[in-house]
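Asker: Right, I'll just put the structure down here and ask away after.
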Amino acid sequence: MCHNMNLRSGSFGSSTEYHLLQNVNKPAKAGTRAVINEGTDDELECWGHRWHAGKVAIYYLLCLLSLGSLVLIMYWKPEWKLRLTQTPCHLSRANTVLLKDVYDRYQVSHVHRVAAHEGIPVEFLNITEVEKENGYGSASDSANDGFDDKYASKAVFRYFMIYNYRYYWSKTKNTFLPLWGLDPSTSCAQLVENYTGYSDEEQKNRLKVFGDNTVEVEVPSPLKILVDEVLNPFYVFQLLSTIFWFVDEYTPYAVWIAIISTGSLLVSLYETRKQRKVLHDMALSSNTAEVTVIRNTGEREVVWASMLVPGDVIVMPIRGCHMCCDAVLTAGNCIVNESVLTGESTPVTKNPITAHHEDDEPYNPDVHRRFTVFAGSEVIQTRYYENMDVTAIVVRTGFSTLKGELLNSILFPKPMDFKFYQDAFKFVLAMAVIAMFGMVYGIYAQIIDGQQVEEVILRAIDIITIAVPPSLPAAMTVGTIYAQSRLKKEGIFCISPPRINVSGKLKLFCFDKTGTLTEEGLDFWGVVPVLESHFQNVVTAADMLPRGLLLSAMATCHSLTEVEGQIVGEPLDVQMFCATKWILEEPGQDTVDYDTLVPTVVRPPDSPTAAQLAADSELLLFQVPHEVGIVRQFPFSSNLQLMSVITRTLGSSHMDLFTKGAPERVIALCVDKSDVLEQYTVRGFRVIALAHKKLKKLPWHQAQRIKRNQLEFELTFLGLLVMQNTLKPATAPVISELKKANIRLVMVTGDNMQTAISVARDCGMVAPDDYVIIATATGPEGDKAASVYWEYAVTPAVELSSESESGTSPGQDPEKLPNSYQYLLVEENIAPNYHIVIGGKSWTIIRDNFPDLLPKIMIKSTIFSRMSPEQKVQVVEELQDVGYIVGMCGDGANDCGALKAAHTGIALSETEASVASPFTSKIPNITCVPNLIREGRCALVTSFGIFKYMALYSFIQFTSVLILYAYNTNFSTMMFLYIDLVITTIVAVFMGYTKSFHKLVAKRPSGSLVGIPTLFSVISQIFVQAATQLGVYLFLLVQPGIIVEPVPKGEENYVTWITTAVFTVSNFQYIFLAALFSKGPPFRKPFYTNYLLLLSLLLLSGYSLVMLLWPPLLIQSFMELYPMPDSYMPFRMMLLGFVVGNCLVSLAIEVVIVDSKLLKKLIRMCKKKKRPKNRYKAIEQELNADSNWPPVGEVTYPTLTSESVNRHS
């Protein structure tokens, strides 16, 4: 089960609500069935069962009677075994539960019981009936909805495990509930007030409830993997077929298949062990650490990390550690590297929850991630002042942590519903049905000929192995294996080979912006100061600014720290601070003049420190030190889009507040409402606004307790910090290539909307002449309904210029500015080439209030800006819901969820976060995307070709055998070996060697094996090949001098006219069909470029031609061919004529009909469909026909009829 964990938290790509209880508001009446986690991706349907002695006895009897075959079937279908051996019962009395997840996968789990006397905390105990000593129920249990009074009652803790998560029985809620951590109703204030640590006994008792704090990924033994693989239905069929061939003395082919199967098993064993070992090593650090916990008495004790439970208070080591649980900081700061979880290598600072001022807000790890240190992250450094400990409260343990969630999503991935694989299974079933008819005919023919029962059974089984070849699944993976090898050479690594075929059907690709389309970091471009409410010239060298508020804001308004001599923190903050060329000093002897609470001091490089001045009295006479101490930080809030710091300059009588953030948010808090120059963001710059406020009467102690909303108002606007985020060199060419291939491109970014629009235009995702329309949504307030306002975005007229390029002041009249912007002048009706842009806030409102509008937005939106990680996942899923096969490319930073949700995810990251993505590119740009699509298309076409070939190979041999059975004969062993081992194996191996075409085209390969073109190709070729063999048979009957008679009963004679004629002709059918199904452009290189296949087919054709026309005695004897005198050369030439005619007809079917537009036109004429098959095409067709949508300049309101009503604003 793919746990996107949308109902728990922690995921950097999830909107979470991590729970001890779920859906607790409405107690449910429990019966034999319950729904757990209803409405979420973790929804489970649960049925209660109890052992039934009678059913168990009958089951084991059936196992004996079926000679163990029932055991194998029950291994594949454990839910069937449960229903055969147990009886439904009330969930409160169940000792086993049957569970079905949202993907219709069944699991059986045992219900564990822990008695109250073992120390279970009272809040987890329930009064339940004592079950019978033997644990068996009776048939009447299914009708018993109440409790039986004859049983005594006692307190017990009952739970079951599924997908590494624990669910416990709640008597008050009458259902099983997930056990993931602390109560979700716990507020931020209660975390600090109520959790002061547990005693040793309390901790051990809670450990029995929550389980060990371990994330153990078992590395199965080779024997276990081998048994699991061998019991796979595919290998069972191969094993049975191999045994049959040995019995039937078809030893060489049996040995060959055994070698292939063994090799496949060994490769699978190696890969499975290797991947599990990687996950095991990834989880190992969480299981072996020692942690200092604070008991409820205030004492400290060192315990193993595996003993931690939610609610424990732990001490964070000064020199850092690897986190073994999810914990919320309650005192001090931490510098944390979360690259294992997010792919982002830049360390981040975590602050105590006491710095969060919404005390009544329920604590949520996702919402409060700035205060939460997640399992799997590396704590580089901790910091507290006055020699206090850095402490944290454990909120989640084990697989409930963020790291456990990541591992679980890999261990239990979301099933991949790809039509090709579904159709392949249907096709195999159809072949099996046909085989059954052939088997019936074969049995009839053998009985008529008076064959012994043993022989009849062998021939019947033989027909099944011919019609459904055991080598089919292995042959179909050949194209994928070659594609995976080619991708590896291009620096693209794949941990899920079936996804390669899926990549061949991609219709839409999503891209993160920063680090994916643009360079990873931001470069300092300039500062735009404000003087008397007017913008000044751009200053490109920040250190040239005069010492003042703007320079101080740039030097202090950040959360940077120094680790081993390096300034670390957010890339934007690092660039901003480094541009000032000031010096950052951590707490120490030089900063004691401020206060022990001061975390950081900054000063210009030419300013002496206070300690230097104290040591040199003469220096004090000539120079006053300029130092700014950061008294307190208000961390960046994604909701506010702001961060602030309280500072004090040495010698100053007051403190200052510096604020930086999104320009629109900062301007709204300022007294002077200066207009922000939008051309900076329009041209693709990252713009940050800076503001200041003098805090005249704010004492030290109040500065540590005051809430930020009491300070962040009536600010003075200081200016703009302009950062440049340049495109990667490969971005624009790749975007152009993908657009030419008719692949829709979407940007999903957390960055500013105007910056995203500019980057989209610069890289070509949005054409210069295309319209960009912004959809701004407003949520419902009181009686006022939600609404969406549609407006055109602005577009730049000319390039920006810096101070060195233009002396024009940005404060002048915009009409006179060389870098001014303008509104698009558009016609009254909207043309189809427009793009909708939507922000994160508007996305949430539209998704919640405009369900009918959302599909339209998904079809026409190109840019999703200010998107949080969970919103990125939502975008991918909504695109999938309208019918797109979606790809996603990100650099790993906050993209893990979207990479997992997409059909094909490519991580531009070498960190362990990339193990959650099917593909990882070591080349840090998007050139991997067209390479993957090309190889995906090539692999998909190859899989189609091999599948069609294997199907035709089966039916050709099936037809031959049925014809020969009529004359009580068959191919000789060498004939079968030549067909099965030489021709088919060589073709299957080399057919996939053809490389992908160098160019992406707008056309996509077919993805359906049961589509009319594919079915027409297969069925028509079957009829042509069968007709050719029947024609040869009938032609043979009318030849003078040739007597075709059945082989006498009880004799084995393969050297007959009919055997030789059918064999020599059918050989060519296998050969030229391999060439026909080896499609070339536009998805693969031409057939003749596959030298191995071409040479093999030429050699096979030559050898087959020799057997047909001029077989030497050695070949006749070796292949057991009927010796034809030279006088029968005209007959042989006629057989060659059948071969040539067969080849020409088959070629005409593929080239003239299947590969041409003729068949598609006929299909469209017959179907007469008015609407496209794909939902997104149907919606797009409607939108293109509606010249009034979107209603630009108007407001859209939701109505009760789910229709949109537009009112002119």
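For the structure tokens, the naming scheme is as follows: chains receive sequential letters (A, B, ...) according to their order of presentation, residues are indexed from 1 within each chain, and ligands are indexed from 1 in presentation order.
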List as a VMD selection string the protein and nucleic acid residues near Phe958 in chain A, meaning an atom at most 9 Å away when only C-alpha atoms are counted, but skip any in the same chain fewer than 4 places from it.

Answerer: chain A and resid 435 438 463 466 to 467 953 to 954 962 to 963

Asker: Dump C-alpha atoms for the selected residues as a short mmCIF file (atom, residue, chain, number, x, y, z; two decimals), in the first residue's frame?

Answerer:
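Heads up, here's the output in again31.cif:
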```
data_model
loop_
_atom_site.label_atom_id
_atom_site.label_comp_id
_atom_site.auth_asym_id
_atom_site.auth_seq_id
_atom_site.Cartn_x
_atom_site.Cartn_y
_atom_site.Cartn_z
CA ALA A 435 -5.64 -23.84 -25.55
CA GLY A 438 -7.23 -27.29 -28.68
CA ILE A 463 -0.96 -28.36 -26.35
CA ILE A 466 2.38 -24.62 -26.83
CA ALA A 467 -0.62 -22.24 -26.75
CA TYR A 953 4.68 -18.15 -32.39
CA SER A 954 2.28 -20.01 -30.11
CA LEU A 962 -3.33 -29.74 -34.53
CA ILE A 963 -2.82 -30.53 -38.23
#
```

Asker: Which is closer to Phe1068 in chain A than all the others in A:Gly569, A:Gly1193, A:Gly936, A:Gly1141, using only C-alpha atoms?

Answerer: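 Once distances to Phe1068 in chain A are computed over only C-alpha atoms, the minimum belongs to A:Gly1141.
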
Asker: Quick one: residues within 7 Å of range 97-110 of chain A, only C-alpha atoms, excluding same-chain residues fewer than 3 positions away - as a ChimeraX atom specification?

Answerer: /A:41,43-49,78-79,94,160-162

Asker: As a PyMOL selection string, which residues of range 467-674 of chain A does DSSP assign to alpha helix (DSSP H)?

Answerer: chain A and resi 467+472-476+478-489+498-503+549-556+571-580+610-615+617-622+663-668

Asker: Could you write out that same residue set with C-alpha atoms as an mmCIF file, in the first residue's frame?

Answerer:
```
data_model
loop_
_atom_site.group_PDB
_atom_site.id
_atom_site.type_symbol
_atom_site.label_atom_id
_atom_site.label_comp_id
_atom_site.auth_asym_id
_atom_site.auth_seq_id
_atom_site.Cartn_x
_atom_site.Cartn_y
_atom_site.Cartn_z
ATOM 1 C CA ALA A 467 -0.616 -22.243 -26.753
ATOM 2 C CA LEU A 472 6.316 -15.353 -22.562
ATOM 3 C CA PRO A 473 6.800 -13.221 -19.391
ATOM 4 C CA ALA A 474 10.574 -13.530 -19.592
ATOM 5 C CA ALA A 475 10.575 -12.604 -23.282
ATOM 6 C CA MET A 476 8.491 -9.484 -22.626
ATOM 7 C CA VAL A 478 13.830 -8.172 -22.759
ATOM 8 C CA GLY A 479 13.038 -4.727 -24.159
ATOM 9 C CA THR A 480 12.847 -3.278 -20.670
ATOM 10 C CA ILE A 481 16.210 -4.815 -19.710
ATOM 11 C CA TYR A 482 17.936 -3.320 -22.755
ATOM 12 C CA ALA A 483 16.297 0.065 -22.119
ATOM 13 C CA GLN A 484 17.382 -0.013 -18.470
ATOM 14 C CA SER A 485 20.945 -0.735 -19.555
ATOM 15 C CA ARG A 486 20.941 2.165 -22.034
ATOM 16 C CA LEU A 487 19.466 4.508 -19.424
ATOM 17 C CA LYS A 488 22.198 3.548 -16.983
ATOM 18 C CA LYS A 489 24.825 4.560 -19.536
ATOM 19 C CA PRO A 498 8.117 -1.794 -15.344
ATOM 20 C CA ARG A 499 7.928 2.010 -15.118
ATOM 21 C CA ILE A 500 10.100 2.249 -18.224
ATOM 22 C CA ASN A 501 7.213 1.021 -20.363
ATOM 23 C CA VAL A 502 4.882 3.456 -18.590
ATOM 24 C CA SER A 503 7.248 6.283 -19.536
ATOM 25 C CA LEU A 549 18.838 50.371 8.281
ATOM 26 C CA LEU A 550 18.778 48.667 4.856
ATOM 27 C CA LEU A 551 22.297 47.267 5.240
ATOM 28 C CA SER A 552 21.559 46.212 8.827
ATOM 29 C CA ALA A 553 18.384 44.467 7.665
ATOM 30 C CA MET A 554 20.361 42.465 5.105
ATOM 31 C CA ALA A 555 22.996 41.571 7.712
ATOM 32 C CA THR A 556 20.602 40.487 10.470
ATOM 33 C CA PRO A 571 20.548 29.728 0.221
ATOM 34 C CA LEU A 572 18.786 33.077 -0.120
ATOM 35 C CA ASP A 573 19.879 34.110 3.357
ATOM 36 C CA VAL A 574 23.468 33.048 2.659
ATOM 37 C CA GLN A 575 23.613 35.073 -0.561
ATOM 38 C CA MET A 576 22.023 38.093 1.080
ATOM 39 C CA PHE A 577 24.417 38.080 4.038
ATOM 40 C CA CYS A 578 27.515 37.350 1.978
ATOM 41 C CA ALA A 579 26.656 40.284 -0.292
ATOM 42 C CA THR A 580 27.075 42.621 2.687
ATOM 43 C CA ALA A 610 34.140 45.107 21.775
ATOM 44 C CA ALA A 611 36.789 42.769 23.153
ATOM 45 C CA GLN A 612 39.451 44.322 20.908
ATOM 46 C CA LEU A 613 38.471 47.787 22.043
ATOM 47 C CA ALA A 614 38.585 46.748 25.688
ATOM 48 C CA ALA A 615 42.095 45.407 25.175
ATOM 49 C CA SER A 617 42.289 51.746 25.075
ATOM 50 C CA GLU A 618 43.914 53.885 22.354
ATOM 51 C CA LEU A 619 41.750 52.260 19.708
ATOM 52 C CA LEU A 620 38.676 53.161 21.718
ATOM 53 C CA LEU A 621 39.510 56.865 21.364
ATOM 54 C CA PHE A 622 39.453 56.786 17.587
ATOM 55 C CA PRO A 663 6.723 41.957 -1.255
ATOM 56 C CA GLU A 664 2.936 41.904 -1.235
ATOM 57 C CA ARG A 665 2.877 40.803 2.420
ATOM 58 C CA VAL A 666 5.539 43.235 3.613
ATOM 59 C CA ILE A 667 4.005 46.194 1.776
ATOM 60 C CA ALA A 668 0.638 45.425 3.386
#
```

Asker: Name all residues at most 9 Å from range 1069-1071 of chain A (count only C-alpha atoms; drop same-chain ones fewer than 2 positions away) and give them as a tab-separated table (two decimals) with N, CA and C atoms, in the first residue's frame.

Answerer:
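The resulting part35.tsv:
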```
chain	number	residue	atom	x	y	z
A	949	TYR	N	4.74	-11.23	-31.30
A	949	TYR	CA	5.52	-12.33	-31.87
A	949	TYR	C	5.32	-13.62	-31.10
A	952	LEU	N	1.93	-15.02	-31.86
A	952	LEU	CA	1.90	-15.66	-33.18
A	952	LEU	C	2.72	-16.95	-33.19
A	953	TYR	N	3.86	-16.93	-32.49
A	953	TYR	CA	4.68	-18.15	-32.39
A	953	TYR	C	3.87	-19.28	-31.78
A	956	ILE	N	1.09	-20.32	-34.35
A	956	ILE	CA	1.64	-21.03	-35.51
A	956	ILE	C	1.95	-22.47	-35.14
A	979	ILE	N	12.72	-24.73	-33.58
A	979	ILE	CA	11.72	-23.67	-33.49
A	979	ILE	C	11.81	-22.95	-32.13
A	983	ILE	N	15.20	-20.51	-33.18
A	983	ILE	CA	14.54	-19.36	-33.80
A	983	ILE	C	13.95	-18.42	-32.74
A	984	THR	N	13.05	-18.95	-31.93
A	984	THR	CA	12.29	-18.09	-31.01
A	984	THR	C	13.18	-17.43	-29.95
A	987	VAL	N	15.36	-14.68	-31.58
A	987	VAL	CA	14.52	-13.53	-31.92
A	987	VAL	C	14.12	-12.76	-30.66
A	1025	GLN	N	-1.36	-17.08	-41.31
A	1025	GLN	CA	-0.40	-18.16	-41.07
A	1025	GLN	C	-1.11	-19.52	-41.06
A	1065	VAL	N	7.80	-24.95	-44.08
A	1065	VAL	CA	7.09	-23.71	-44.38
A	1065	VAL	C	6.92	-22.86	-43.12
A	1066	SER	N	6.57	-23.49	-42.01
A	1066	SER	CA	6.31	-22.71	-40.79
A	1066	SER	C	7.59	-22.05	-40.26
A	1067	ASN	N	8.75	-22.63	-40.58
A	1067	ASN	CA	10.01	-22.00	-40.14
A	1067	ASN	C	10.08	-20.55	-40.60
A	1073	LEU	N	7.91	-12.97	-39.47
A	1073	LEU	CA	7.08	-12.24	-38.49
A	1073	LEU	C	7.96	-11.49	-37.49
A	1074	ALA	N	9.13	-12.06	-37.17
A	1074	ALA	CA	10.06	-11.35	-36.29
A	1074	ALA	C	10.51	-10.05	-36.92
A	1075	ALA	N	10.77	-10.08	-38.23
A	1075	ALA	CA	11.16	-8.85	-38.92
A	1075	ALA	C	9.99	-7.87	-39.00
A	1076	LEU	N	8.77	-8.38	-39.27
A	1076	LEU	CA	7.60	-7.50	-39.38
A	1076	LEU	C	7.28	-6.80	-38.06
A	1097	LEU	N	18.58	-13.31	-38.37
A	1097	LEU	CA	17.47	-13.66	-39.27
A	1097	LEU	C	17.98	-14.10	-40.63
A	1100	LEU	N	19.28	-17.65	-40.13
A	1100	LEU	CA	18.15	-18.57	-39.95
A	1100	LEU	C	17.39	-18.77	-41.26
A	1101	SER	N	17.24	-17.68	-42.03
A	1101	SER	CA	16.55	-17.80	-43.33
A	1101	SER	C	17.34	-18.68	-44.28
A	1139	VAL	N	5.56	-19.69	-49.10
A	1139	VAL	CA	6.30	-18.85	-48.14
A	1139	VAL	C	6.33	-17.41	-48.61
A	1142	ASN	N	2.85	-15.88	-48.42
A	1142	ASN	CA	2.55	-15.63	-47.00
A	1142	ASN	C	3.25	-14.37	-46.52
A	1143	CYS	N	4.51	-14.24	-46.88
A	1143	CYS	CA	5.29	-13.08	-46.45
A	1143	CYS	C	4.72	-11.79	-47.01
```

Asker: Work out how far CA of Leu745 in chain A is from CA of Met888 in chain A, in Å to one decimal.

Answerer: 10.0 Å

Asker: A:Ser306, A:Thr518, A:Thr262, A:Gln1029: which is nearest Thr242 in chain A, counting only C-alpha atoms?

Answerer: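 Smallest distance to Thr242 in chain A is found for A:Thr262.
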
Asker: Between A:Ser377, A:Leu1136, A:Ile58, A:Glu1194, which has the minimum distance to Ile774 in chain A (counting only C-alpha atoms)?

Answerer: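 For Ile774 in chain A, the nearest of the candidates is A:Glu1194.
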
Asker: So that I can check the surroundings of Ser787 in chain A, please list as a list in words every protein, DNA and RNA residue that reaches within 7 Å of it, counting only C-alpha atoms and ignoring chain neighbours fewer than 3 positions away.

Answerer: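 Counting only C-alpha atoms, the residues come to Ala777, Thr778, Gly779, Val1195, Thr1196 and Tyr1197 of chain A.
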